[in-house]
file start_9.cif (mmCIF, C-alpha atoms and all ligand atoms)
data_run
#
loop_
_atom_site.label_atom_id
_atom_site.label_comp_id
_atom_site.auth_asym_id
_atom_site.auth_seq_id
_atom_site.Cartn_x
_atom_site.Cartn_y
_atom_site.Cartn_z
CA MET A 793 -1.65 9.03 5.13
CA LYS A 794 -3.86 6.14 4.07
CA PHE A 795 -3.02 4.14 0.93
CA ALA A 796 -5.48 1.72 -0.71
CA LEU A 797 -4.60 -1.14 -3.05
CA ILE A 798 -7.60 -0.89 -5.34
CA LYS A 799 -9.48 -3.63 -7.14
CA GLU A 800 -8.84 -3.79 -10.92
CA ARG A 801 -12.11 -3.21 -12.76
CA LYS A 802 -11.06 -3.06 -16.41
CA SER A 803 -12.21 -5.81 -18.74
CA PRO A 804 -10.65 -8.25 -19.61
CA PRO A 805 -9.66 -8.66 -15.95
CA ASP A 806 -6.09 -7.88 -15.01
CA ARG A 807 -4.75 -9.96 -12.14
CA ARG A 808 -1.78 -7.70 -11.37
CA VAL A 809 -1.46 -5.44 -8.32
CA VAL A 810 0.96 -2.73 -7.16
CA PHE A 811 2.05 -4.63 -4.02
CA SER A 812 2.16 -8.35 -3.20
CA PRO A 813 1.20 -9.11 0.43
CA GLU A 814 4.87 -9.51 1.42
CA LYS A 815 5.94 -6.24 -0.24
CA LEU A 816 3.03 -4.40 1.36
CA ALA A 817 4.21 -5.70 4.74
CA GLU A 818 7.70 -4.39 3.94
CA ALA A 819 6.20 -1.00 3.08
CA ARG A 820 4.36 -0.99 6.41
CA ASP A 821 7.58 -1.80 8.28
CA GLN A 822 9.53 0.93 6.50
CA PHE A 823 6.84 3.60 6.85
CA PRO A 824 5.01 3.11 10.17
CA GLU A 825 3.40 6.54 9.71
CA ALA A 826 1.50 5.18 6.65
CA GLU A 827 -1.59 3.01 6.73
CA PHE A 828 -2.21 0.43 3.99
CA ILE A 829 -5.73 -0.90 3.25
CA VAL A 830 -6.67 -3.52 0.63
CA GLU A 831 -9.84 -3.32 -1.43
CA SER A 832 -11.31 -6.79 -1.68
CA SER A 833 -10.87 -8.45 -5.09
CA ASP A 834 -11.75 -11.86 -6.46
CA ILE A 835 -9.50 -11.56 -9.52
CA ARG A 836 -6.19 -10.42 -8.02
CA ILE A 837 -3.35 -12.94 -8.30
CA PHE A 838 -2.92 -12.77 -4.51
CA PRO A 839 -6.18 -13.68 -2.72
CA ASP A 840 -7.68 -11.46 -0.02
CA SER A 841 -6.75 -14.15 2.50
CA ALA A 842 -3.02 -13.66 1.79
CA TYR A 843 -3.28 -9.98 2.81
CA LYS A 844 -5.48 -10.82 5.82
CA ALA A 845 -2.91 -13.38 6.94
CA LEU A 846 -0.43 -10.50 7.26
CA SER A 847 -2.96 -8.49 9.28
CA PHE A 848 -4.03 -6.08 6.55
CA LYS A 849 -7.56 -4.75 6.60
CA VAL A 850 -9.40 -6.04 3.49
CA THR A 851 -12.62 -4.17 2.79
CA ASP A 852 -15.12 -3.11 0.11
CA ASN A 853 -15.13 0.45 1.40
CA ILE A 854 -11.99 2.47 0.76
CA THR A 855 -13.62 5.92 0.71
CA ASP A 856 -11.61 7.07 3.73
CA CYS A 857 -8.25 6.44 2.01
CA ASP A 858 -6.15 9.27 0.54
CA VAL A 859 -4.04 7.57 -2.15
CA MET A 860 -5.43 4.90 -4.47
CA LEU A 861 -2.91 2.49 -6.01
CA GLY A 862 -4.01 0.59 -9.13
CA VAL A 863 -2.60 -0.84 -12.35
CA LYS A 864 -4.99 -0.33 -15.27
CA GLU A 865 -7.43 2.49 -16.07
CA VAL A 866 -10.17 2.95 -13.45
CA PRO A 867 -13.64 3.07 -15.07
CA VAL A 868 -14.97 6.64 -14.74
CA GLU A 869 -17.99 5.56 -12.68
CA SER A 870 -15.66 4.00 -10.09
CA LEU A 871 -13.46 7.07 -9.55
CA ILE A 872 -13.79 8.58 -6.06
CA PRO A 873 -13.66 12.41 -6.19
CA ASN A 874 -10.95 14.42 -4.41
CA LYS A 875 -8.52 11.49 -4.09
CA LYS A 876 -4.99 10.90 -5.32
CA TYR A 877 -4.71 8.08 -7.88
CA PHE A 878 -1.83 6.09 -9.37
CA PHE A 879 -2.47 3.88 -12.42
CA PHE A 880 -1.63 3.60 -16.13
CA SER A 881 -4.09 6.13 -17.54
CA HIS A 882 -2.98 5.90 -21.19
CA THR A 883 -3.81 9.56 -21.68
CA ILE A 884 -0.43 11.25 -22.14
CA LYS A 885 -0.25 10.42 -25.85
CA GLU A 886 -3.79 11.81 -26.20
CA GLN A 887 -5.35 8.37 -26.68
CA PRO A 888 -8.91 9.14 -27.84
CA TYR A 889 -10.44 6.23 -25.93
CA ASN A 890 -9.34 7.71 -22.59
CA ARG A 891 -10.26 11.37 -23.13
CA ARG A 892 -13.40 10.96 -20.99
CA LEU A 893 -11.27 9.46 -18.21
CA LEU A 894 -8.97 12.48 -18.06
CA GLN A 895 -11.91 14.90 -18.32
CA THR A 896 -13.63 13.13 -15.40
CA MET A 897 -10.50 13.21 -13.25
CA LEU A 898 -10.30 16.97 -13.79
CA GLU A 899 -14.01 17.46 -13.05
CA GLU A 900 -13.78 15.39 -9.89
CA ASN A 901 -10.71 17.18 -8.55
CA ILE A 902 -8.57 14.06 -8.66
CA VAL A 903 -4.80 14.32 -8.35
CA MET A 904 -3.56 11.91 -10.98
CA TYR A 905 -0.10 10.36 -11.08
CA ASP A 906 0.57 8.04 -13.99
CA HIS A 907 3.01 5.13 -13.54
CA GLU A 908 4.35 5.98 -16.97
CA THR A 909 5.28 9.49 -15.86
CA ILE A 910 7.29 8.37 -12.84
CA VAL A 911 10.66 9.35 -14.25
CA ARG A 912 14.15 10.49 -13.30
CA GLN A 913 15.11 14.09 -13.92
CA THR A 914 16.56 12.92 -17.25
CA GLY A 915 13.11 11.66 -18.26
CA SER A 916 13.99 7.95 -18.17
CA ARG A 917 11.28 5.81 -16.63
CA LEU A 918 11.74 4.43 -13.14
CA ILE A 919 9.02 1.82 -13.03
CA GLY A 920 7.12 -0.38 -15.45
CA PHE A 921 6.36 -3.91 -16.52
CA GLY A 922 8.76 -3.94 -19.49
CA ARG A 923 10.99 -6.69 -18.15
CA TYR A 924 8.04 -9.08 -17.88
CA ALA A 925 6.85 -8.23 -21.40
CA GLY A 926 10.34 -9.06 -22.67
CA LEU A 927 10.48 -12.35 -20.77
CA VAL A 928 7.05 -13.53 -21.91
CA GLY A 929 7.48 -12.20 -25.46
CA ALA A 930 10.73 -14.08 -26.14
CA TYR A 931 9.26 -17.26 -24.63
CA ASN A 932 6.08 -16.93 -26.73
CA GLY A 933 8.20 -16.66 -29.87
CA PHE A 934 9.94 -19.94 -29.03
CA ARG A 935 6.54 -21.45 -28.29
CA ALA A 936 5.39 -20.48 -31.80
CA LEU A 937 8.56 -21.96 -33.31
CA GLY A 938 7.98 -25.26 -31.51
CA LEU A 939 4.33 -25.42 -32.56
CA ARG A 940 4.93 -24.41 -36.16
CA ASP A 941 7.93 -26.58 -36.95
CA GLY A 942 7.12 -29.48 -34.63
CA PHE A 943 10.34 -29.10 -32.63
CA PHE A 944 8.79 -29.08 -29.15
CA THR A 945 5.63 -28.14 -27.24
CA LEU A 946 5.75 -25.33 -24.71
CA PRO A 947 2.68 -24.52 -22.57
CA LYS A 948 1.21 -21.02 -22.44
CA VAL A 949 2.81 -18.81 -19.79
CA GLU A 950 -0.60 -17.92 -18.35
CA THR A 951 -1.06 -21.58 -17.36
CA LEU A 952 2.21 -21.59 -15.36
CA ALA A 953 2.57 -20.40 -11.77
CA ASP A 954 5.53 -18.08 -12.15
CA LEU A 955 8.88 -17.38 -13.80
CA ASP A 956 10.49 -20.41 -12.15
CA ALA A 957 7.87 -22.64 -13.77
CA VAL A 958 8.56 -20.92 -17.12
CA LYS A 959 12.26 -21.71 -16.75
CA LYS A 960 11.50 -25.34 -15.93
CA GLU A 961 9.67 -25.61 -19.28
CA LEU A 962 12.63 -24.08 -21.08
CA ASP A 963 14.89 -26.70 -19.47
CA LYS A 964 13.05 -29.37 -21.48
CA ILE A 965 13.65 -27.98 -24.97
CA THR A 966 16.55 -27.77 -27.43
CA ILE A 967 16.75 -24.74 -29.68
CA PRO A 968 17.62 -25.54 -33.31
CA ASN A 969 20.53 -23.88 -35.05
CA ILE A 970 18.97 -20.50 -35.81
CA LYS A 971 20.11 -16.87 -35.76
CA ILE A 972 18.15 -14.57 -33.47
CA LEU A 973 18.09 -10.79 -33.59
CA LEU A 974 17.01 -8.75 -30.55
CA THR A 975 16.52 -4.99 -30.96
CA GLY A 976 16.53 -2.48 -28.09
CA THR A 977 18.40 -1.68 -24.92
CA GLY A 978 15.63 -0.99 -22.40
CA LYS A 979 13.62 -3.05 -19.92
CA VAL A 980 11.85 -5.11 -22.60
CA ALA A 981 15.06 -5.98 -24.44
CA HIS A 982 16.79 -6.99 -21.20
CA GLY A 983 13.82 -9.16 -20.24
CA SER A 984 14.07 -11.00 -23.57
CA LYS A 985 17.84 -11.26 -23.13
CA GLU A 986 17.26 -13.06 -19.82
CA ILE A 987 15.37 -15.80 -21.69
CA LEU A 988 18.05 -16.11 -24.39
CA ASP A 989 20.77 -16.30 -21.76
CA TYR A 990 18.79 -18.78 -19.69
CA LEU A 991 18.64 -21.01 -22.78
CA ASN A 992 22.44 -20.69 -23.03
CA ILE A 993 22.18 -19.24 -26.51
CA LYS A 994 25.50 -17.64 -27.38
CA GLN A 995 25.53 -13.86 -27.78
CA VAL A 996 27.71 -12.69 -30.66
CA SER A 997 28.84 -9.26 -31.75
CA ASP A 998 27.06 -7.34 -34.43
CA ALA A 999 30.02 -7.77 -36.84
CA LEU A 1000 30.24 -11.54 -36.38
CA TYR A 1001 26.47 -11.97 -36.58
CA LEU A 1002 26.29 -10.19 -39.91
CA THR A 1003 29.18 -12.03 -41.53
CA SER A 1004 29.45 -15.55 -40.11
CA THR A 1005 27.61 -18.84 -40.03
CA PHE A 1006 27.52 -20.85 -36.83
CA SER A 1007 27.10 -24.47 -35.81
CA GLU A 1008 24.88 -23.53 -32.84
CA PRO A 1009 22.03 -21.05 -32.22
CA VAL A 1010 23.28 -17.49 -31.63
CA TYR A 1011 21.78 -14.09 -30.92
CA CYS A 1012 22.78 -10.50 -31.49
CA MET A 1013 21.47 -7.51 -29.55
CA ALA A 1014 21.28 -4.54 -31.90
CA ASN A 1015 20.96 -1.00 -30.62
CA VAL A 1016 19.34 1.97 -32.28
CA MET A 1017 22.62 3.10 -33.90
CA GLU A 1018 23.12 -0.35 -35.42
CA TYR A 1019 19.72 -0.89 -37.01
CA ASN A 1020 19.71 2.74 -38.20
CA LYS A 1021 22.43 4.66 -40.03
CA ARG A 1022 22.96 8.22 -41.18
CA LYS A 1023 21.89 8.91 -44.74
CA ASP A 1024 25.12 10.82 -45.41
CA GLY A 1025 27.28 7.87 -44.31
CA LYS A 1026 28.75 9.67 -41.29
CA VAL A 1027 28.85 8.06 -37.85
CA GLY A 1028 25.51 8.46 -36.08
CA ASN A 1029 24.77 9.69 -32.56
CA LYS A 1030 21.84 8.27 -30.61
CA HIS A 1031 21.05 11.50 -28.75
CA GLU A 1032 20.93 13.37 -32.05
CA PHE A 1033 18.71 10.56 -33.39
CA TYR A 1034 16.31 10.76 -30.40
CA LYS A 1035 15.91 14.51 -30.98
CA ASN A 1036 15.57 14.38 -34.75
CA PRO A 1037 15.81 11.10 -36.66
CA THR A 1038 15.07 12.54 -40.09
CA GLY A 1039 18.72 12.38 -41.24
CA TYR A 1040 18.73 8.61 -40.72
CA GLU A 1041 17.61 5.55 -42.65
CA SER A 1042 17.06 1.94 -41.67
CA ASN A 1043 19.99 -0.47 -41.68
CA PHE A 1044 17.70 -3.34 -40.72
CA MET A 1045 17.91 -5.20 -44.06
CA ALA A 1046 21.53 -6.18 -43.28
CA TYR A 1047 20.17 -8.06 -40.25
CA ALA A 1048 17.01 -9.34 -41.96
CA LYS A 1049 19.15 -11.15 -44.56
CA VAL A 1050 20.76 -13.37 -41.92
CA THR A 1051 18.08 -13.63 -39.21
CA ASP A 1052 15.58 -16.44 -38.63
CA TYR A 1053 13.83 -15.20 -35.47
CA PHE A 1054 13.47 -11.49 -34.71
CA ILE A 1055 12.53 -10.28 -31.21
CA ALA A 1056 11.47 -6.62 -31.38
CA GLY A 1057 12.20 -5.04 -28.00
CA HIS A 1058 13.13 -1.51 -29.07
CA PHE A 1059 11.41 1.80 -28.40
CA TYR A 1060 10.19 3.43 -31.60
CA GLY A 1061 10.11 7.24 -31.59
CA ASN A 1062 7.92 9.36 -33.88
CA ASP A 1063 9.40 10.10 -37.32
CA ALA A 1064 12.11 7.45 -36.99
CA PRO A 1065 12.68 5.22 -40.03
CA TYR A 1066 10.62 2.04 -40.14
CA LEU A 1067 12.81 -0.98 -39.38
CA PHE A 1068 11.37 -2.76 -42.40
CA THR A 1069 8.55 -1.93 -44.78
CA ARG A 1070 6.10 -4.17 -46.64
CA ASP A 1071 8.34 -3.86 -49.70
CA ASP A 1072 11.41 -4.90 -47.73
CA ALA A 1073 9.59 -8.05 -46.58
CA LYS A 1074 8.92 -8.96 -50.23
CA GLN A 1075 12.63 -9.06 -51.12
CA PRO A 1076 13.96 -12.59 -51.74
CA GLU A 1077 16.87 -11.98 -49.36
CA PHE A 1078 14.51 -11.13 -46.46
CA ASN A 1079 15.14 -14.22 -44.34
CA ILE A 1080 13.11 -13.66 -41.14
CA ASN A 1081 10.30 -16.18 -40.69
CA LEU A 1082 9.35 -15.61 -37.04
CA ILE A 1083 8.80 -12.33 -35.17
CA ALA A 1084 7.98 -11.73 -31.52
CA ASP A 1085 7.02 -8.06 -31.70
CA VAL A 1086 7.06 -7.02 -28.06
CA SER A 1087 7.36 -3.32 -28.98
CA CYS A 1088 4.10 -3.87 -30.86
CA ASP A 1089 3.63 -0.63 -32.80
CA VAL A 1090 0.76 -1.61 -35.09
CA ASP A 1091 1.06 -1.02 -38.85
CA GLY A 1092 4.34 0.82 -38.39
CA PRO A 1093 8.05 0.09 -38.05
CA VAL A 1094 7.66 -3.69 -38.15
CA ALA A 1095 5.51 -4.10 -41.26
CA SER A 1096 4.25 -7.60 -40.44
CA THR A 1097 2.49 -6.37 -37.28
CA LEU A 1098 -0.87 -5.80 -38.92
CA ARG A 1099 -2.64 -5.83 -35.56
CA ALA A 1100 -1.99 -6.63 -31.91
CA SER A 1101 -2.83 -10.23 -30.99
CA THR A 1102 -4.31 -11.55 -27.75
CA ILE A 1103 -3.20 -13.88 -24.98
CA ALA A 1104 -6.01 -16.21 -26.07
CA ASN A 1105 -4.85 -16.21 -29.74
CA PRO A 1106 -1.28 -14.97 -29.71
CA PHE A 1107 -0.08 -15.97 -33.20
CA TYR A 1108 -0.95 -15.12 -36.79
CA GLY A 1109 0.87 -15.29 -40.11
CA TYR A 1110 1.91 -12.44 -42.41
CA ASP A 1111 2.05 -13.16 -46.13
CA ALA A 1112 4.58 -10.70 -47.55
CA LYS A 1113 3.44 -11.16 -51.16
CA THR A 1114 -0.21 -10.28 -50.51
CA GLU A 1115 0.58 -8.05 -47.48
CA SER A 1116 -2.19 -9.84 -45.63
CA GLU A 1117 -2.89 -12.01 -42.61
CA VAL A 1118 -2.79 -15.80 -43.01
CA ALA A 1119 -2.58 -18.78 -40.64
CA PHE A 1120 0.44 -18.63 -38.34
CA ASN A 1121 1.81 -21.82 -39.91
CA ALA A 1122 0.90 -21.12 -43.54
CA GLU A 1123 3.60 -21.92 -46.08
CA ASN A 1124 6.06 -19.03 -46.55
CA ALA A 1125 4.30 -16.94 -43.91
CA ILE A 1126 6.19 -14.91 -41.34
CA THR A 1127 4.84 -16.14 -38.00
CA VAL A 1128 3.93 -13.13 -35.81
CA MET A 1129 3.45 -12.89 -32.04
CA ALA A 1130 2.21 -9.38 -31.21
CA VAL A 1131 0.43 -9.61 -27.86
CA ASP A 1132 0.20 -6.10 -26.38
CA ASN A 1133 -0.45 -7.05 -22.74
CA LEU A 1134 2.27 -9.64 -22.22
CA PRO A 1135 2.99 -8.92 -18.51
CA CYS A 1136 -0.58 -10.05 -17.70
CA GLU A 1137 0.56 -13.60 -18.48
CA LEU A 1138 2.98 -13.49 -15.55
CA PRO A 1139 0.97 -11.61 -12.91
CA LYS A 1140 2.73 -12.90 -9.81
CA ASP A 1141 6.30 -12.03 -10.85
CA ALA A 1142 5.18 -8.82 -12.57
CA SER A 1143 3.41 -7.63 -9.40
CA GLU A 1144 6.35 -8.55 -7.19
CA GLY A 1145 8.79 -6.71 -9.46
CA PHE A 1146 6.54 -3.68 -9.75
CA GLY A 1147 6.15 -3.45 -5.96
CA ASN A 1148 9.95 -3.44 -5.53
CA MET A 1149 10.26 -0.42 -7.80
CA PHE A 1150 7.24 1.36 -6.34
CA LEU A 1151 8.47 0.95 -2.78
CA GLU A 1152 11.97 2.12 -3.68
CA HIS A 1153 11.04 5.16 -5.76
CA VAL A 1154 7.53 6.35 -4.97
CA ILE A 1155 6.37 5.64 -1.40
CA PRO A 1156 9.40 7.42 0.19
CA ALA A 1157 8.53 10.58 -1.76
CA PHE A 1158 5.38 10.97 0.36
CA PHE A 1159 7.48 11.12 3.52
CA ASN A 1160 10.65 12.98 2.48
CA ASN A 1161 8.94 16.05 1.07
CA ASP A 1162 9.40 14.63 -2.43
CA GLU A 1163 13.10 15.51 -2.26
CA ARG A 1164 13.85 13.92 -5.69
CA GLY A 1165 10.86 15.59 -7.37
CA ILE A 1166 9.32 12.22 -8.30
CA LEU A 1167 5.74 13.15 -7.41
CA LYS A 1168 6.02 16.63 -8.87
CA ARG A 1169 7.16 15.28 -12.25
CA ALA A 1170 4.60 12.43 -12.27
CA LYS A 1171 1.58 14.58 -11.44
CA ILE A 1172 -0.78 15.14 -14.38
CA THR A 1173 -3.77 16.86 -12.73
CA GLU A 1174 -4.27 18.95 -9.59
CA ASN A 1175 -7.01 21.35 -8.40
CA GLY A 1176 -9.11 20.52 -11.44
CA LYS A 1177 -6.33 21.59 -13.84
CA LEU A 1178 -3.55 20.01 -15.83
CA THR A 1179 -0.11 20.57 -14.29
CA LYS A 1180 2.42 22.68 -16.22
CA ARG A 1181 4.29 19.62 -17.50
CA PHE A 1182 1.07 18.20 -18.98
CA ALA A 1183 -0.53 21.46 -20.13
CA TYR A 1184 -0.03 20.22 -23.72
CA LEU A 1185 -3.02 17.91 -23.10
CA GLN A 1186 -5.46 20.87 -22.87
CA ASP A 1187 -6.63 20.60 -26.50
CA TYR A 1188 -7.17 16.89 -26.03
CA VAL A 1189 -9.21 17.54 -22.86
CA ASP A 1190 -11.21 20.23 -24.66
CA GLY A 1191 -12.01 17.76 -27.43
CA ASN A 1192 -10.15 19.69 -30.15
N1 LIG A 1201 3.76 -5.93 -25.68
C1 LIG A 1201 3.70 -5.54 -24.41
O1 LIG A 1201 2.96 -6.11 -23.61
C2 LIG A 1201 4.57 -4.42 -23.93
C3 LIG A 1201 4.74 -4.21 -22.54
C4 LIG A 1201 5.62 -3.20 -22.10
C5 LIG A 1201 6.25 -2.38 -23.05
N2 LIG A 1201 6.02 -2.56 -24.38
C6 LIG A 1201 6.66 -1.68 -25.40
O2 LIG A 1201 8.01 -2.05 -25.55
C7 LIG A 1201 8.79 -0.90 -25.95
C8 LIG A 1201 10.05 -0.81 -25.12
O3 LIG A 1201 9.70 -0.62 -23.75
P1 LIG A 1201 10.77 -0.61 -22.55
O4 LIG A 1201 10.05 -0.87 -21.27
O5 LIG A 1201 11.94 -1.47 -22.91
O6 LIG A 1201 11.24 0.89 -22.58
P2 LIG A 1201 12.44 1.54 -21.75
O7 LIG A 1201 11.99 2.90 -21.37
O8 LIG A 1201 12.94 0.62 -20.69
O9 LIG A 1201 13.61 1.59 -22.83
C9 LIG A 1201 13.55 2.35 -23.94
C10 LIG A 1201 14.94 2.37 -24.58
O10 LIG A 1201 14.84 3.08 -25.79
C11 LIG A 1201 15.78 4.12 -25.80
N3 LIG A 1201 15.13 5.27 -26.44
C12 LIG A 1201 14.60 6.35 -25.86
N4 LIG A 1201 14.09 7.17 -26.81
C13 LIG A 1201 14.30 6.57 -27.98
C14 LIG A 1201 13.99 6.92 -29.33
N5 LIG A 1201 13.38 8.08 -29.63
N6 LIG A 1201 14.30 6.05 -30.28
C15 LIG A 1201 14.90 4.86 -29.99
N7 LIG A 1201 15.24 4.50 -28.74
C16 LIG A 1201 14.94 5.34 -27.76
C17 LIG A 1201 16.16 4.39 -24.38
O11 LIG A 1201 17.48 4.86 -24.30
C18 LIG A 1201 15.99 3.02 -23.73
O12 LIG A 1201 17.18 2.27 -23.84
C19 LIG A 1201 7.84 0.29 -25.81
O13 LIG A 1201 7.39 0.65 -27.08
C20 LIG A 1201 6.69 -0.24 -24.98
O14 LIG A 1201 5.45 0.40 -25.30
C21 LIG A 1201 5.21 -3.56 -24.84
#

call {"tool": "encode", "arguments": {"input": "start_9.cif", "output": "structure tokens"}}
result
Amino acid sequence: MKFALIKERKSPPDRRVVFSPEKLAEARDQFPEAEFIVESSDIRIFPDSAYKALSFKVTDNITDCDVMLGVKEVPVESLIPNKKYFFFSHTIKEQPYNRRLLQTMLEENIVMYDHETIVRQTGSRLIGFGRYAGLVGAYNGFRALGLRDGFFTLPKVETLADLDAVKKELDKITIPNIKILLTGTGKVAHGSKEILDYLNIKQVSDALYLTSTFSEPVYCMANVMEYNKRKDGKVGNKHEFYKNPTGYESNFMAYAKVTDYFIAGHFYGNDAPYLFTRDDAKQPEFNINLIADVSCDVDGPVASTLRASTIANPFYGYDAKTESEVAFNAENAITVMAVDNLPCELPKDASEGFGNMFLEHVIPAFFNNDERGILKRAKITENGKLTKRFAYLQDYVDGN
């Protein structure tokens, strides 16, 4: 079986890759029956020479490979028919802008596996870049704070070599006495937690956070059953909430009253209550003045996220009174960081971390008869048809 690390062709360029040269060499050692080829790329974070130095073939012609490993969507004109592909296709939520991509993969008899659909039997995701989004998102929020209030100057993550360099920058700053709320319990939230812990910011319980004042910066990590509550006052249950959140309402205002900096790292499910609305943000007791919205659901549960921002221009302001966008440092504005491709700022670490997960969970499945069902569950298309698990996409494919 021949695997190809493909060149990323989406614009703006993405420097990430499924395997760093070292990880690819590990994969080769573990699976001598596999062959790994590298498609030449001038944008990848690891240069062609780094793969060549480890004796990998680097070439412009990968047509003889069986399995293509990429990160972002492959432009339709670059798809090679009859191959197996792995990348983030952004089709499983019926995203209109990628309908043509899914249609073309079906027409060209491509077997498509989406990184997002590589899941355990329980449905929880096995691989992703969430940790890196959480790391960069929390850092970017502190960078905005420093810029806005003149406390300190942090450089952009994209100008730094790696996570170690990011940490060295954090060593130089002192965080003022603020209260920080972090929502979520997944990969993003834990990535942000790493930054807070690295800064030695004290974590306090939900009860203490809501009721006490402190003489040092503190943070609280709130889970879905803390920032939501049952409408009837009974104790909630997160599994019940995941299935049907309609009996719940937001409890976020209790946190918003005492929080300065909010890091949104939660997953937001359809029909769940908004964390805070535009009206909530108008209330005099709404105290939050800085938000790093890593979850980044636009015009939804975090009302100030009017749009996603970019790595080039990561910050804007939200004026609660006029419900409109203003300068990030305008008086009384909530400063918003809502970059939706945060892991791209840390391509080296993100690629190394991704390769670890991919080698542990996916590559073995090709050689052990897919004993854990990883490939079966992840497969979206085969023989020109949607698989049973993804048959719900038929209307989307048909253009209905
Ligand atoms: N801004 C960016 O660049 C960026 C990058 C990666 C991820 N994200 C976003 O961040 C969010 C969190 O991602 P993650 O990687 O931490 O996810 P994850 O899969 O690691 O964690 C999700 C968590 O939410 C919980 N959960 C599952 N269903 C839920 C529901 N219906 N309601 C509430 N909670 C539920 C799970 O138990 C889990 O703890 C996602 O919305 C993702 O799209 C943004």

call {"tool": "atom_distance", "arguments": {"input": "start_9.cif", "atom1": "atom CA of Thr1038 of chain A", "atom2": "atom CA of Gly920 of chain A"}}
result
28.9 Å

call {"tool": "residues_near_ligand", "arguments": {"input": "start_9.cif", "ligand": "ligand LIG 1201 (chain A)", "cutoff": "8 Å", "atoms": "all atoms listed in the file", "output": "ChimeraX atom specification"}}
result
/A:916-917,920-926,929,976-982,1016,1030,1033-1035,1057-1062,1064,1085-1089,1130-1136

call {"tool": "write_last_selection", "arguments": {"input": "start_9.cif", "atoms": "C-alpha atoms", "output": "PDB file, in the frame of the given file"}}
result
ATOM      1  CA  SER A 916      13.990   7.950 -18.170  1.00  0.00           C
ATOM      2  CA  ARG A 917      11.280   5.810 -16.630  1.00  0.00           C
ATOM      3  CA  GLY A 920       7.120  -0.380 -15.450  1.00  0.00           C
ATOM      4  CA  PHE A 921       6.360  -3.910 -16.520  1.00  0.00           C
ATOM      5  CA  GLY A 922       8.760  -3.940 -19.490  1.00  0.00           C
ATOM      6  CA  ARG A 923      10.990  -6.690 -18.150  1.00  0.00           C
ATOM      7  CA  TYR A 924       8.040  -9.080 -17.880  1.00  0.00           C
ATOM      8  CA  ALA A 925       6.850  -8.230 -21.400  1.00  0.00           C
ATOM      9  CA  GLY A 926      10.340  -9.060 -22.670  1.00  0.00           C
ATOM     10  CA  GLY A 929       7.480 -12.200 -25.460  1.00  0.00           C
ATOM     11  CA  GLY A 976      16.530  -2.480 -28.090  1.00  0.00           C
ATOM     12  CA  THR A 977      18.400  -1.680 -24.920  1.00  0.00           C
ATOM     13  CA  GLY A 978      15.630  -0.990 -22.400  1.00  0.00           C
ATOM     14  CA  LYS A 979      13.620  -3.050 -19.920  1.00  0.00           C
ATOM     15  CA  VAL A 980      11.850  -5.110 -22.600  1.00  0.00           C
ATOM     16  CA  ALA A 981      15.060  -5.980 -24.440  1.00  0.00           C
ATOM     17  CA  HIS A 982      16.790  -6.990 -21.200  1.00  0.00           C
ATOM     18  CA  VAL A1016      19.340   1.970 -32.280  1.00  0.00           C
ATOM     19  CA  LYS A1030      21.840   8.270 -30.610  1.00  0.00           C
ATOM     20  CA  PHE A1033      18.710  10.560 -33.390  1.00  0.00           C
ATOM     21  CA  TYR A1034      16.310  10.760 -30.400  1.00  0.00           C
ATOM     22  CA  LYS A1035      15.910  14.510 -30.980  1.00  0.00           C
ATOM     23  CA  GLY A1057      12.200  -5.040 -28.000  1.00  0.00           C
ATOM     24  CA  HIS A1058      13.130  -1.510 -29.070  1.00  0.00           C
ATOM     25  CA  PHE A1059      11.410   1.800 -28.400  1.00  0.00           C
ATOM     26  CA  TYR A1060      10.190   3.430 -31.600  1.00  0.00           C
ATOM     27  CA  GLY A1061      10.110   7.240 -31.590  1.00  0.00           C
ATOM     28  CA  ASN A1062       7.920   9.360 -33.880  1.00  0.00           C
ATOM     29  CA  ALA A1064      12.110   7.450 -36.990  1.00  0.00           C
ATOM     30  CA  ASP A1085       7.020  -8.060 -31.700  1.00  0.00           C
ATOM     31  CA  VAL A1086       7.060  -7.020 -28.060  1.00  0.00           C
ATOM     32  CA  SER A1087       7.360  -3.320 -28.980  1.00  0.00           C
ATOM     33  CA  CYS A1088       4.100  -3.870 -30.860  1.00  0.00           C
ATOM     34  CA  ASP A1089       3.630  -0.630 -32.800  1.00  0.00           C
ATOM     35  CA  ALA A1130       2.210  -9.380 -31.210  1.00  0.00           C
ATOM     36  CA  VAL A1131       0.430  -9.610 -27.860  1.00  0.00           C
ATOM     37  CA  ASP A1132       0.200  -6.100 -26.380  1.00  0.00           C
ATOM     38  CA  ASN A1133      -0.450  -7.050 -22.740  1.00  0.00           C
ATOM     39  CA  LEU A1134       2.270  -9.640 -22.220  1.00  0.00           C
ATOM     40  CA  PRO A1135       2.990  -8.920 -18.510  1.00  0.00           C
ATOM     41  CA  CYS A1136      -0.580 -10.050 -17.700  1.00  0.00           C
TER      42      CYS A1136
END

call {"tool": "atom_distance", "arguments": {"input": "start_9.cif", "atom1": "atom CA of Leu1067 of chain A", "atom2": "atom CA of Gln995 of chain A"}}
result
21.5 Å

call {"tool": "closest_residue", "arguments": {"input": "start_9.cif", "among": "A:Met1045, A:Val850, A:Met1149, A:Met860", "to": "Asp1071 of chain A", "atoms": "all atoms listed in the file"}}
result
A:Met1045

call {"tool": "axis_aligned_box", "arguments": {"input": "start_9.cif", "around": "segment 1015-1025 of chain A", "padding_each_side": "3 Å", "output": "AutoDock Vina command-line options"}}
result
--center_x 23.3 --center_y 4.9 --center_z -38.0 --size_x 13.9 --size_y 17.8 --size_z 20.8
